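Have a look at my_file32.txt; it's compact mmCIF, C-alpha atoms and all ligand atoms:
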# COMPACT_ATOMS: atom_id res chain seq x y z
CA MET A 1 96.12 106.98 71.69
CA PRO A 2 99.58 106.47 73.21
CA ALA A 3 99.52 105.63 76.93
CA ARG A 4 99.70 108.50 79.40
CA HIS A 5 99.44 106.47 82.58
CA LEU A 6 102.14 104.38 84.27
CA TYR A 7 101.73 101.76 86.98
CA ILE A 8 104.77 100.59 88.96
CA HIS A 9 104.52 97.50 91.13
CA VAL A 10 106.57 97.53 94.33
CA PRO A 11 106.23 94.00 95.71
CA PHE A 12 107.66 94.33 99.23
CA CYS A 13 105.70 93.74 102.42
CA ALA A 14 106.89 93.36 105.99
CA ARG A 15 104.66 90.28 106.37
CA ARG A 16 101.69 88.72 104.63
CA CYS A 17 98.22 89.83 105.72
CA SER A 18 95.91 86.95 106.58
CA TYR A 19 93.62 87.51 103.57
CA CYS A 20 96.21 88.43 100.93
CA ASP A 21 97.08 86.32 97.88
CA PHE A 22 98.81 89.10 95.91
CA SER A 23 102.19 88.62 94.32
CA ILE A 24 104.44 90.04 97.03
CA ALA A 25 107.98 89.62 98.36
CA VAL A 26 108.06 89.43 102.16
CA ARG A 27 111.28 91.08 103.35
CA SER A 28 112.26 92.34 106.80
CA VAL A 29 114.83 94.56 105.07
CA THR A 30 113.72 95.99 101.73
CA PRO A 31 116.38 95.53 98.99
CA ILE A 32 115.90 99.09 97.75
CA ASP A 33 119.07 99.44 95.65
CA GLU A 34 118.59 96.07 93.93
CA TYR A 35 114.96 96.92 93.12
CA LEU A 36 115.78 100.41 91.81
CA LYS A 37 118.55 99.16 89.54
CA ALA A 38 116.26 96.57 87.98
CA LEU A 39 113.37 99.01 87.74
CA ARG A 40 115.49 101.54 85.84
CA THR A 41 116.38 98.80 83.34
CA GLU A 42 112.75 97.82 82.90
CA LEU A 43 111.55 101.42 82.56
CA ALA A 44 113.98 101.85 79.65
CA GLN A 45 112.45 98.74 78.02
CA VAL A 46 108.92 100.01 78.63
CA ALA A 47 109.84 103.39 77.15
CA SER A 48 111.21 101.69 73.99
CA ARG A 49 107.98 99.72 73.60
CA ASP A 50 106.07 102.97 74.12
CA ASP A 51 108.15 104.53 71.30
CA ALA A 52 107.43 101.58 69.00
CA GLN A 53 103.72 101.83 69.74
CA ARG A 54 103.71 105.60 69.12
CA THR A 55 105.62 105.16 65.89
CA GLN A 56 103.07 102.62 64.72
CA LEU A 57 100.16 104.87 65.65
CA LEU A 58 101.51 108.19 64.44
CA SER A 59 104.07 107.53 61.71
CA PRO A 60 101.72 108.61 58.90
CA VAL A 61 101.72 112.14 60.33
CA ARG A 62 105.23 112.52 61.78
CA THR A 63 108.75 111.45 60.90
CA VAL A 64 109.83 108.20 62.55
CA ARG A 65 112.94 109.91 63.93
CA SER A 66 110.90 112.32 66.01
CA LEU A 67 108.92 109.57 67.74
CA SER A 68 111.54 108.11 70.04
CA GLY A 69 113.26 109.56 73.09
CA LYS A 70 111.92 111.37 76.12
CA ALA A 71 111.14 114.62 74.29
CA ALA A 72 108.91 112.82 71.77
CA ARG A 73 107.02 110.72 74.31
CA ASP A 74 103.61 111.85 75.49
CA ALA A 75 103.86 113.36 78.94
CA LEU A 76 102.42 111.13 81.66
CA GLU A 77 99.21 112.29 83.32
CA THR A 78 99.32 109.79 86.18
CA VAL A 79 101.94 107.62 87.87
CA TYR A 80 100.81 105.05 90.43
CA LEU A 81 103.11 103.13 92.78
CA GLY A 82 101.11 100.11 93.94
CA GLY A 83 101.98 96.91 95.70
CA GLY A 84 102.87 95.19 97.86
CA THR A 85 103.74 98.19 99.96
CA PRO A 86 105.54 100.97 98.05
CA SER A 87 106.02 102.93 101.27
CA ARG A 88 108.52 100.20 102.32
CA LEU A 89 110.92 101.99 99.93
CA GLY A 90 111.03 104.90 102.41
CA GLY A 91 111.43 108.56 101.53
CA ALA A 92 114.53 108.30 99.35
CA GLY A 93 113.44 105.07 97.64
CA VAL A 94 110.10 106.46 96.50
CA ALA A 95 111.79 109.68 95.35
CA SER A 96 114.28 107.59 93.31
CA VAL A 97 111.41 105.72 91.61
CA VAL A 98 109.83 109.04 90.58
CA ASP A 99 113.26 110.28 89.37
CA ALA A 100 113.64 107.09 87.31
CA VAL A 101 110.26 107.77 85.69
CA ARG A 102 111.26 111.38 84.96
CA ASP A 103 114.42 110.10 83.23
CA GLN A 104 112.21 108.44 80.61
CA TRP A 105 109.04 110.55 80.40
CA GLN A 106 107.99 114.11 80.88
CA LEU A 107 105.17 114.60 83.37
CA THR A 108 102.23 116.92 82.77
CA ARG A 109 101.99 120.01 84.94
CA GLY A 110 99.02 118.57 86.86
CA VAL A 111 100.34 114.99 87.02
CA GLU A 112 98.77 112.78 89.70
CA ILE A 113 101.47 110.75 91.48
CA THR A 114 100.02 108.24 93.94
CA VAL A 115 101.88 106.09 96.45
CA GLU A 116 100.19 103.21 98.26
CA ALA A 117 101.33 103.24 101.88
CA ASN A 118 100.90 101.45 105.14
CA PRO A 119 100.24 103.74 108.12
CA ASP A 120 103.32 102.58 110.05
CA ASP A 121 105.66 103.68 107.24
CA ILE A 122 104.50 107.30 107.36
CA ASN A 123 106.84 109.79 109.02
CA ASP A 124 107.70 113.47 108.48
CA ILE A 125 111.04 112.78 106.80
CA ALA A 126 109.58 110.31 104.27
CA VAL A 127 106.66 112.61 103.45
CA ALA A 128 109.03 115.55 102.88
CA ARG A 129 111.02 113.46 100.36
CA TRP A 130 107.84 112.29 98.63
CA THR A 131 106.41 115.79 98.22
CA SER A 132 109.68 117.20 96.92
CA ALA A 133 109.73 114.37 94.34
CA GLY A 134 106.18 115.34 93.25
CA VAL A 135 104.04 112.77 95.07
CA ASN A 136 100.66 114.43 95.63
CA ARG A 137 98.33 111.56 96.53
CA VAL A 138 98.60 108.71 99.05
CA SER A 139 96.41 105.64 99.23
CA LEU A 140 96.60 104.46 102.82
CA GLY A 141 95.89 100.82 103.72
CA ALA A 142 93.79 101.46 106.82
CA GLN A 143 91.46 98.39 106.44
CA SER A 144 89.75 98.88 109.83
CA PHE A 145 89.83 101.04 112.96
CA ASN A 146 89.16 98.05 115.20
CA ASP A 147 92.44 96.89 116.77
CA ALA A 148 91.29 93.29 117.26
CA ALA A 149 90.29 93.10 113.59
CA LEU A 150 93.64 94.61 112.50
CA GLU A 151 95.49 92.03 114.57
CA TRP A 152 93.35 89.22 113.08
CA MET A 153 94.23 90.53 109.59
CA HIS A 154 97.95 90.37 110.51
CA ARG A 155 98.27 94.07 109.76
CA THR A 156 101.49 95.74 110.94
CA HIS A 157 99.73 98.79 112.41
CA ASP A 158 97.02 99.69 114.91
CA SER A 159 94.16 102.15 114.57
CA ALA A 160 96.02 105.00 116.31
CA GLN A 161 98.71 104.81 113.62
CA ILE A 162 96.12 105.44 110.89
CA ALA A 163 95.06 108.76 112.43
CA ARG A 164 98.71 109.67 113.08
CA ALA A 165 99.63 108.88 109.46
CA VAL A 166 96.84 111.13 108.12
CA THR A 167 98.00 113.99 110.39
CA ILE A 168 101.61 113.62 109.22
CA LEU A 169 100.62 113.46 105.55
CA LYS A 170 98.49 116.61 105.81
CA ARG A 171 101.20 118.43 107.79
CA GLY A 172 103.66 117.50 105.04
CA GLY A 173 101.42 118.90 102.29
CA ILE A 174 99.65 115.75 101.03
CA ASP A 175 95.95 116.26 101.60
CA ASN A 176 94.71 114.12 98.71
CA ILE A 177 94.41 110.94 100.80
CA SER A 178 92.50 107.77 100.02
CA LEU A 179 91.71 105.21 102.73
CA ASP A 180 91.23 101.49 102.00
CA LEU A 181 88.72 99.69 104.22
CA ILE A 182 87.59 96.04 104.25
CA PHE A 183 83.98 95.07 104.91
CA SER A 184 82.10 91.80 105.35
CA LEU A 185 84.42 90.56 108.10
CA PRO A 186 83.38 87.43 110.06
CA ASP A 187 80.72 88.18 112.69
CA GLU A 188 82.80 86.75 115.53
CA LEU A 189 85.23 89.68 115.22
CA ARG A 190 82.38 91.94 116.38
CA ARG A 191 83.73 94.79 114.32
CA SER A 192 81.19 97.60 113.80
CA TRP A 193 81.25 98.61 110.12
CA ARG A 194 79.38 101.82 110.94
CA ASP A 195 82.05 102.77 113.49
CA ASP A 196 84.79 102.10 110.94
CA LEU A 197 83.07 104.31 108.36
CA MET A 198 82.50 107.05 110.92
CA ARG A 199 86.14 106.98 112.05
CA ALA A 200 87.25 107.15 108.41
CA ILE A 201 84.96 110.10 107.65
CA GLU A 202 86.26 111.96 110.74
CA LEU A 203 89.78 111.88 109.29
CA LYS A 204 88.49 113.87 106.28
CA PRO A 205 90.05 111.82 103.45
CA THR A 206 89.29 112.86 99.88
CA HIS A 207 88.65 109.30 98.72
CA LEU A 208 87.80 105.82 100.01
CA SER A 209 88.18 102.38 98.44
CA LEU A 210 86.10 99.61 100.01
CA TYR A 211 86.66 95.90 99.46
CA GLY A 212 84.55 92.97 100.61
CA LEU A 213 86.64 90.27 102.31
CA THR A 214 87.07 87.21 100.11
CA VAL A 215 88.52 83.92 101.28
CA GLU A 216 91.35 82.94 98.94
CA PRO A 217 92.53 79.33 99.16
CA MET A 218 96.30 79.77 99.58
CA THR A 219 96.13 82.25 102.46
CA PRO A 220 96.04 81.92 106.25
CA LEU A 221 92.37 82.95 106.01
CA GLY A 222 91.70 80.14 103.53
CA ARG A 223 93.29 77.63 105.91
CA TRP A 224 91.26 78.96 108.88
CA ALA A 225 88.09 78.59 106.78
CA ASP A 226 89.03 75.01 105.78
CA ARG A 227 89.50 74.09 109.44
CA GLY A 228 86.15 75.67 110.32
CA GLN A 229 87.85 78.28 112.53
CA ILE A 230 86.03 81.16 110.88
CA VAL A 231 82.65 81.61 109.28
CA GLN A 232 82.63 84.30 106.62
CA GLY A 233 79.89 86.91 106.79
CA GLY A 234 76.98 85.80 104.56
CA GLU A 235 75.68 87.40 101.38
CA GLU A 236 73.06 89.30 103.35
CA GLY A 237 75.69 90.87 105.61
CA TYR A 238 77.82 91.77 102.59
CA GLU A 239 74.90 93.52 100.91
CA GLU A 240 73.87 95.34 104.06
CA GLU A 241 77.39 96.68 104.69
CA PHE A 242 77.84 97.71 101.04
CA LEU A 243 74.56 99.65 101.11
CA THR A 244 75.39 101.16 104.52
CA ALA A 245 78.66 102.46 103.10
CA HIS A 246 76.86 103.98 100.13
CA GLU A 247 74.36 105.73 102.37
CA MET A 248 76.86 107.03 104.96
CA LEU A 249 79.49 108.18 102.46
CA ALA A 250 76.95 109.84 100.17
CA GLY A 251 75.67 111.65 103.28
CA ALA A 252 79.23 112.85 103.94
CA GLY A 253 79.53 114.31 100.41
CA PHE A 254 81.32 111.46 98.64
CA GLU A 255 80.39 110.44 95.10
CA HIS A 256 80.08 106.68 94.69
CA TYR A 257 81.64 106.79 91.25
CA GLU A 258 82.79 103.18 90.88
CA VAL A 259 81.53 100.00 92.49
CA SER A 260 84.29 100.03 95.15
CA ASN A 261 85.34 103.69 95.11
CA PHE A 262 84.07 106.94 96.58
CA GLY A 263 85.58 110.39 96.01
CA LEU A 264 84.82 113.96 96.93
CA PRO A 265 83.93 116.02 93.84
CA GLY A 266 87.08 116.47 91.74
CA LYS A 267 88.97 113.85 93.76
CA HIS A 268 88.23 110.65 91.85
CA SER A 269 91.33 108.54 91.22
CA ARG A 270 92.52 109.74 87.82
CA HIS A 271 94.85 106.76 87.42
CA ASN A 272 92.25 104.10 88.13
CA SER A 273 89.67 106.01 86.08
CA ALA A 274 91.99 105.53 83.09
CA TYR A 275 91.70 101.74 83.58
CA TRP A 276 87.94 101.98 83.84
CA THR A 277 87.60 103.89 80.59
CA GLY A 278 89.48 101.12 78.76
CA GLY A 279 92.38 103.37 77.75
CA PRO A 280 96.02 102.31 77.35
CA TYR A 281 98.49 102.24 80.25
CA LEU A 282 102.13 101.32 80.76
CA ALA A 283 103.41 99.17 83.60
CA ALA A 284 106.63 97.99 85.23
CA GLY A 285 107.57 95.76 88.16
CA PRO A 286 106.98 92.09 88.96
CA SER A 287 103.47 90.91 87.97
CA ALA A 288 102.60 94.33 86.47
CA HIS A 289 100.01 94.36 83.66
CA SER A 290 99.94 96.85 80.77
CA PHE A 291 97.50 97.50 77.94
CA ASP A 292 98.10 99.26 74.63
CA GLY A 293 94.46 99.45 73.55
CA ALA A 294 94.50 96.07 71.82
CA VAL A 295 97.00 93.81 73.61
CA ARG A 296 97.27 93.14 77.34
CA ARG A 297 100.75 92.11 78.54
CA TRP A 298 101.96 90.92 81.91
CA ASN A 299 105.29 90.43 83.65
CA VAL A 300 106.70 87.48 85.54
CA SER A 301 105.30 87.65 89.04
CA ALA A 302 108.12 86.28 91.24
CA TYR A 303 110.44 89.06 92.39
CA SER A 304 113.53 86.81 92.16
CA GLU A 305 112.76 85.90 88.53
CA TRP A 306 112.06 89.55 87.65
CA ILE A 307 115.47 90.52 89.08
CA ARG A 308 117.24 87.58 87.37
CA ARG A 309 115.90 88.44 83.93
CA LEU A 310 116.65 92.15 84.17
CA THR A 311 120.15 91.47 85.47
CA ASN A 312 120.72 89.28 82.38
CA GLY A 313 119.25 91.94 80.10
CA ASP A 314 116.24 89.75 79.26
CA SER A 315 112.61 90.76 78.83
CA VAL A 316 110.41 90.31 81.90
CA LEU A 317 107.25 89.87 79.84
CA GLU A 318 105.56 86.59 80.72
CA GLY A 319 102.56 86.63 78.43
CA ASP A 320 100.15 88.62 76.33
CA GLU A 321 96.58 88.45 75.15
CA THR A 322 95.06 90.21 72.16
CA LEU A 323 91.49 91.22 72.82
CA THR A 324 89.02 89.58 70.47
CA GLU A 325 85.92 91.48 69.37
CA GLU A 326 83.92 89.47 71.92
CA ASN A 327 86.40 90.31 74.72
CA ARG A 328 86.31 93.96 73.73
CA ILE A 329 82.53 94.15 73.87
CA ALA A 330 82.34 92.29 77.19
CA GLU A 331 85.05 94.50 78.67
CA GLU A 332 83.47 97.74 77.46
CA ILE A 333 80.19 96.75 79.09
CA TYR A 334 81.80 95.60 82.34
CA LEU A 335 83.93 98.75 82.65
CA GLY A 336 81.00 101.02 81.83
CA LEU A 337 78.65 99.34 84.29
CA ARG A 338 81.14 99.37 87.16
CA THR A 339 81.30 103.18 87.03
CA THR A 340 78.73 105.95 87.00
CA ARG A 341 79.67 106.50 83.36
CA GLY A 342 77.33 103.62 82.50
CA VAL A 343 76.87 102.11 79.03
CA ASP A 344 75.29 103.46 75.86
CA ILE A 345 71.92 101.87 75.15
CA LEU A 346 71.14 100.11 71.88
CA PRO A 347 67.40 100.25 71.02
CA GLU A 348 67.03 96.45 70.93
CA GLU A 349 68.39 96.23 74.51
CA LEU A 350 65.78 98.54 75.98
CA PRO A 351 63.23 95.85 76.99
CA ARG A 352 65.90 93.96 78.99
CA LEU A 353 67.24 97.17 80.54
CA ARG A 354 63.72 98.20 81.57
CA THR A 355 63.52 95.00 83.69
CA TRP A 356 66.72 96.10 85.45
CA GLU A 357 65.19 99.51 86.02
CA SER A 358 61.99 98.08 87.52
CA ALA A 359 64.05 95.89 89.86
CA GLY A 360 65.90 99.01 91.10
CA TRP A 361 69.21 97.84 89.62
CA ALA A 362 69.68 100.58 87.02
CA THR A 363 68.64 104.04 85.98
CA ILE A 364 68.01 104.75 82.33
CA ASP A 365 67.96 108.02 80.43
CA SER A 366 67.58 108.55 76.70
CA THR A 367 71.08 107.28 75.87
CA THR A 368 72.67 105.61 78.90
CA ALA A 369 72.07 102.85 81.46
CA ARG A 370 73.80 103.16 84.83
CA LEU A 371 73.77 100.68 87.69
CA THR A 372 72.49 101.72 91.12
CA PRO A 373 74.20 100.41 94.30
CA LEU A 374 71.64 97.54 94.24
CA GLY A 375 72.70 96.83 90.66
CA TRP A 376 76.40 96.91 91.60
CA LEU A 377 75.70 94.03 93.98
CA ARG A 378 74.86 92.05 90.82
CA LEU A 379 77.52 93.62 88.60
CA ASP A 380 79.03 90.41 87.20
CA SER A 381 75.74 88.81 86.22
CA LEU A 382 74.24 92.01 84.76
CA ALA A 383 77.37 92.70 82.71
CA ALA A 384 77.35 89.10 81.41
CA ASP A 385 73.64 89.41 80.61
CA LEU A 386 74.14 92.56 78.52
CA ALA A 387 77.32 91.23 76.88
CA ALA A 388 75.43 88.11 75.74
CA LEU A 389 72.86 90.36 74.04
CA ARG A 390 75.52 92.45 72.36
CA GLN A 391 77.93 89.75 71.13
CA PRO A 392 78.33 89.55 67.35
CA SER A 393 77.23 85.90 67.50
CA SER A 394 73.85 86.95 68.96
CA ALA A 395 72.99 89.14 65.94
CA VAL A 396 69.92 88.01 64.00
CA VAL A 397 70.82 87.01 60.42
S1 LIG B 1 100.16 94.98 102.89
FE1 LIG B 1 98.79 94.68 101.12
S2 LIG B 1 99.99 93.57 99.60
FE2 LIG B 1 101.09 93.40 101.57
S3 LIG B 1 100.41 91.48 102.44
FE3 LIG B 1 99.06 93.08 103.27
S4 LIG B 1 97.32 93.17 101.83
FE4 LIG B 1 98.97 92.01 100.80

What do you get writing this file as C-alpha cells?
Amino acid sequence: MPARHLYIHVPFCARRCSYCDFSIAVRSVTPIDEYLKALRTELAQVASRDDAQRTQLLSPVRTVRSLSGKAARDALETVYLGGGTPSRLGGAGVASVVDAVRDQWQLTRGVEITVEANPDDINDIAVARWTSAGVNRVSLGAQSFNDAALEWMHRTHDSAQIARAVTILKRGGIDNISLDLIFSLPDELRRSWRDDLMRAIELKPTHLSLYGLTVEPMTPLGRWADRGQIVQGGEEGYEEEFLTAHEMLAGAGFEHYEVSNFGLPGKHSRHNSAYWTGGPYLAAGPSAHSFDGAVRRWNVSAYSEWIRRLTNGDSVLEGDETLTEENRIAEEIYLGLRTTRGVDILPEELPRLRTWESAGWATIDSTTARLTPLGWLRLDSLAADLAALRQPSSAVV
C-alpha cells in the first residue's frame, strides 16, 4: 500500500535536557524561515518518491500519467510533527508546516495532526493558529510534576506550566492531549511516581506515553553517572513503577495498548499505531526515518548538513536498508508483541508459548499470543526467543 502517514522532524530545542541524546539543534532563536524553506524543498522530494512508489505499485491497473501530482496521491490519514520541540516554531510556524504538507498531499476528512509541544510554548495565540491549520492533537512533554525533578532534568518548564498548558489547549479546542512522563528516576530525587500519575490523571488527558529513564553515554546524565553523582533506580524499581502505572491508569479507564502507551478508548495514537502495524510511512526533516514496506531510509541528522544539502538541491538521504526475510519476521514479531494486537500463533510454537503463559507473561487464545504487562518487562528477550523459532534457518529439513 502507498504510505498514508507523514512524520516531520523539527529539531529545535531551547536547551538540551539532561537525559537526551536525540538529534536536536539547540537554538535560543528558532530559525523558522530557514527551516520552512528547506522543509518545503524536501517535501517536494518526498512527494516525488511517493509518486514513484505508487507508480511501481499500481501501474498495472492505472495509467502512469495519473499517478503523479497532488490529486493522484493518497490522502494522508496522519501527520505528526515530532522533535526536538515542534512547538518552538510558534503558532505561525506550525501552521506553515501544515500548509506545506497540504501543498503536496490531500488530507483525509478525519486526519489526525499531532504536534509535540513543551508546556512553556503553549499560549492562546499559538493554539488558535494551530487549530485553524487543522492541528487536533498535542503531545505534551510533561515528564514529571515534581519541580525538583524537572529542574534536575534541565526542563524549561515547571509543574504549574503543565496544568496551565492543558487548560489553554482545551480552551482553544484541542482536547485530544497526550502527556509524556518519565519513570525510574534516581531514588535521591525523592520523586513520588504515584503522585506524578495522579496529577496527570487529574488533568484528564486522553493519552499517556511513559518512558523509563535510560542513561545515555554522551549526555549530562551519562557524565553524572560516570562520576558516581547519581545512582540509577534498579531493575526492581523500574518494574514496580511500570506495573504501578499499568494498575493506576487501567483503573482510570486507560487501555494499555502498547508497551509504553495508554489511551482512552478511541484515543490511541493513530500515527504511532501505523508504525506498530509495520505499514509504510513518509518522513521529512533532519534524521527522519521513512519506510515503504520493504526499504527503510533515513536522512542526515545534523541540521546544518540538512540545510546545506537542500539549499544546493541535493538529496538529504543518508542511508537505506532493505529488510531481509529474517529482519521482516523479527520485526513482525517485535511489533506484534509490543502491542495488544499480539502475534498469530503457529502450532509448533504452542509449547514454548504455553511456558510464557504459565509464567504470567502472555495470554493465549486459539489464534493469538499477547504479552501481559509482566511480559512487556521482558519484551526484547521474548521477541528474540519467538523470532529464533520462526526464522527460516530454524525450519526442520
Ligand atoms: S525537549 Fe525533548 S528533544 Fe529537546 S532536549 Fe529535551 S528531551 Fe531532547

Nearby residues (only C-alpha atoms) at most 10 Å from Gly237 (chain A), same-chain spacing under 5 positions excluded, as a count of residues only: 8

Leaving out Ser96 (chain A) and any residue of its chain fewer than 5 positions from it, which residues lie within 12 Å of it when counting all atoms listed in the file, given as a ChimeraX atom specification? /A:32-33,35-37,39-40,86,89-91,101-103,129-130,132-135

Selected residues written out, C-alpha atoms, as a PDB file, keeping the file's coordinate frame:
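out-v9.pdb written:
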ATOM      1  CA  ILE A  32     115.900  99.090  97.750  1.00  0.00           C
ATOM      2  CA  ASP A  33     119.070  99.440  95.650  1.00  0.00           C
ATOM      3  CA  TYR A  35     114.960  96.920  93.120  1.00  0.00           C
ATOM      4  CA  LEU A  36     115.780 100.410  91.810  1.00  0.00           C
ATOM      5  CA  LYS A  37     118.550  99.160  89.540  1.00  0.00           C
ATOM      6  CA  LEU A  39     113.370  99.010  87.740  1.00  0.00           C
ATOM      7  CA  ARG A  40     115.490 101.540  85.840  1.00  0.00           C
ATOM      8  CA  PRO A  86     105.540 100.970  98.050  1.00  0.00           C
ATOM      9  CA  LEU A  89     110.920 101.990  99.930  1.00  0.00           C
ATOM     10  CA  GLY A  90     111.030 104.900 102.410  1.00  0.00           C
ATOM     11  CA  GLY A  91     111.430 108.560 101.530  1.00  0.00           C
ATOM     12  CA  VAL A 101     110.260 107.770  85.690  1.00  0.00           C
ATOM     13  CA  ARG A 102     111.260 111.380  84.960  1.00  0.00           C
ATOM     14  CA  ASP A 103     114.420 110.100  83.230  1.00  0.00           C
ATOM     15  CA  ARG A 129     111.020 113.460 100.360  1.00  0.00           C
ATOM     16  CA  TRP A 130     107.840 112.290  98.630  1.00  0.00           C
ATOM     17  CA  SER A 132     109.680 117.200  96.920  1.00  0.00           C
ATOM     18  CA  ALA A 133     109.730 114.370  94.340  1.00  0.00           C
ATOM     19  CA  GLY A 134     106.180 115.340  93.250  1.00  0.00           C
ATOM     20  CA  VAL A 135     104.040 112.770  95.070  1.00  0.00           C
TER      21      VAL A 135
END

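Neighbourhood of point (89.1, 113.9, 105.8): residues with an atom at most 12 Å away, counting all atoms listed in the file, are Ala163, Val166, Thr167, Leu169, Lys170, Ile174, Asp175, Asn176, Ile177, Ser178, Leu179, Leu197, Met198, Arg199, Ala200, Ile201, Glu202, Leu203, Lys204, Pro205, Thr206, His207, Leu208, Leu249, Ala252, Gly253, Phe254, Gly263 and Leu264 of chain A.
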
Can you pull out every residue with an atom within 9 Å of ligand LIG 1 (chain B)? Use only C-alpha atoms and all ligand atoms and format it as a tab-separated table (two decimals) with C-alpha atoms, in the frame of the given file.
chain	number	residue	atom	x	y	z
A	11	PRO	CA	106.23	94.00	95.71
A	12	PHE	CA	107.66	94.33	99.23
A	13	CYS	CA	105.70	93.74	102.42
A	14	ALA	CA	106.89	93.36	105.99
A	15	ARG	CA	104.66	90.28	106.37
A	16	ARG	CA	101.69	88.72	104.63
A	17	CYS	CA	98.22	89.83	105.72
A	18	SER	CA	95.91	86.95	106.58
A	19	TYR	CA	93.62	87.51	103.57
A	20	CYS	CA	96.21	88.43	100.93
A	21	ASP	CA	97.08	86.32	97.88
A	22	PHE	CA	98.81	89.10	95.91
A	23	SER	CA	102.19	88.62	94.32
A	24	ILE	CA	104.44	90.04	97.03
A	25	ALA	CA	107.98	89.62	98.36
A	26	VAL	CA	108.06	89.43	102.16
A	82	GLY	CA	101.11	100.11	93.94
A	83	GLY	CA	101.98	96.91	95.70
A	84	GLY	CA	102.87	95.19	97.86
A	85	THR	CA	103.74	98.19	99.96
A	117	ALA	CA	101.33	103.24	101.88
A	118	ASN	CA	100.90	101.45	105.14
A	141	GLY	CA	95.89	100.82	103.72
A	153	MET	CA	94.23	90.53	109.59
A	154	HIS	CA	97.95	90.37	110.51
A	155	ARG	CA	98.27	94.07	109.76
A	156	THR	CA	101.49	95.74	110.94

Between A:Thr324, A:Val259, A:Arg49, A:Ile364, which one has atoms that come closest to Asp380 (chain A), using all atoms listed in the file? A:Val259

Is there a way to get, as an mmCIF file with C-alpha atoms, in the coordinates of the input, all residues within 12 Å of the point (112.9, 101.4, 77.7) in file coordinates, counting only C-alpha atoms?
data_model
loop_
_atom_site.group_PDB
_atom_site.id
_atom_site.type_symbol
_atom_site.label_atom_id
_atom_site.label_comp_id
_atom_site.auth_asym_id
_atom_site.auth_seq_id
_atom_site.Cartn_x
_atom_site.Cartn_y
_atom_site.Cartn_z
ATOM 1 C CA ALA A 38 116.260 96.570 87.980
ATOM 2 C CA LEU A 39 113.370 99.010 87.740
ATOM 3 C CA ARG A 40 115.490 101.540 85.840
ATOM 4 C CA THR A 41 116.380 98.800 83.340
ATOM 5 C CA GLU A 42 112.750 97.820 82.900
ATOM 6 C CA LEU A 43 111.550 101.420 82.560
ATOM 7 C CA ALA A 44 113.980 101.850 79.650
ATOM 8 C CA GLN A 45 112.450 98.740 78.020
ATOM 9 C CA VAL A 46 108.920 100.010 78.630
ATOM 10 C CA ALA A 47 109.840 103.390 77.150
ATOM 11 C CA SER A 48 111.210 101.690 73.990
ATOM 12 C CA ARG A 49 107.980 99.720 73.600
ATOM 13 C CA ASP A 50 106.070 102.970 74.120
ATOM 14 C CA ASP A 51 108.150 104.530 71.300
ATOM 15 C CA ALA A 52 107.430 101.580 69.000
ATOM 16 C CA SER A 68 111.540 108.110 70.040
ATOM 17 C CA GLY A 69 113.260 109.560 73.090
ATOM 18 C CA LYS A 70 111.920 111.370 76.120
ATOM 19 C CA ARG A 73 107.020 110.720 74.310
ATOM 20 C CA ALA A 100 113.640 107.090 87.310
ATOM 21 C CA VAL A 101 110.260 107.770 85.690
ATOM 22 C CA ASP A 103 114.420 110.100 83.230
ATOM 23 C CA GLN A 104 112.210 108.440 80.610
ATOM 24 C CA TRP A 105 109.040 110.550 80.400
ATOM 25 C CA LEU A 282 102.130 101.320 80.760
ATOM 26 C CA ALA A 283 103.410 99.170 83.600
ATOM 27 C CA ALA A 284 106.630 97.990 85.230
ATOM 28 C CA LEU A 310 116.650 92.150 84.170
ATOM 29 C CA GLY A 313 119.250 91.940 80.100
ATOM 30 C CA SER A 315 112.610 90.760 78.830
#

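Closest to Leu6 (chain A) among A:Gly212, A:Pro220, A:Gly233, A:Pro280 is A:Pro280, based on only C-alpha atoms.
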
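A straight line drawn from CA of Asp74 (chain A) to CA of Gln53 (chain A) is 11.6 Å long.
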
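If you look at CA of Trp298 (chain A) and CA of Gly319 (chain A), they are 5.6 Å away from each other.
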
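For the residues A:Tyr281, A:Trp356, A:Trp361, A:Phe262, ranking by smallest atom-to-atom distance to Leu76 (chain A) using only C-alpha atoms places A:Tyr281 first.
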
Shortest contact to Asp292 (chain A), candidates A:Thr114, A:Gln161, A:Gln56, A:Gln229, atoms counted only C-alpha atoms, goes to A:Gln56

Surrounding residues of Leu371 (chain A) excluding itself and chain neighbours under 3 positions, 12 Å, all atoms listed in the file, as a VMD selection string: chain A and resid 256 to 259 333 to 343 353 356 to 357 359 to 365 368 374 to 380 382 to 383

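Across A:Arg308, A:Arg27, A:Arg88, A:Arg54, the tightest approach to Ala72 (chain A) is made by A:Arg54 when counting all atoms listed in the file.
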
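Here the question is which of A:Glu239, A:Asp147, A:Asp180, A:Glu112 gets nearest to Asn261 (chain A) using all atoms listed in the file, and that residue is A:Asp180.
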
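Atom to atom, CA of Asn272 (chain A) and CA of Pro373 (chain A) stand 19.4 Å apart.
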
Neighbouring residues of Val300 (chain A) were defined as those with any atom within 9 Å, considering all atoms listed in the file; residues of the same chain fewer than 6 positions away were excluded. Please report them as a VMD selection string. chain A and resid 285 to 288 306 316 to 319

Could you give me, as JSON, numbers by chain, the residues within 10 Å of Gly110 (chain A), counting all atoms listed in the file and dropping anything in the same chain fewer than 5 positions from it? {"A": [76, 77, 78, 136]}
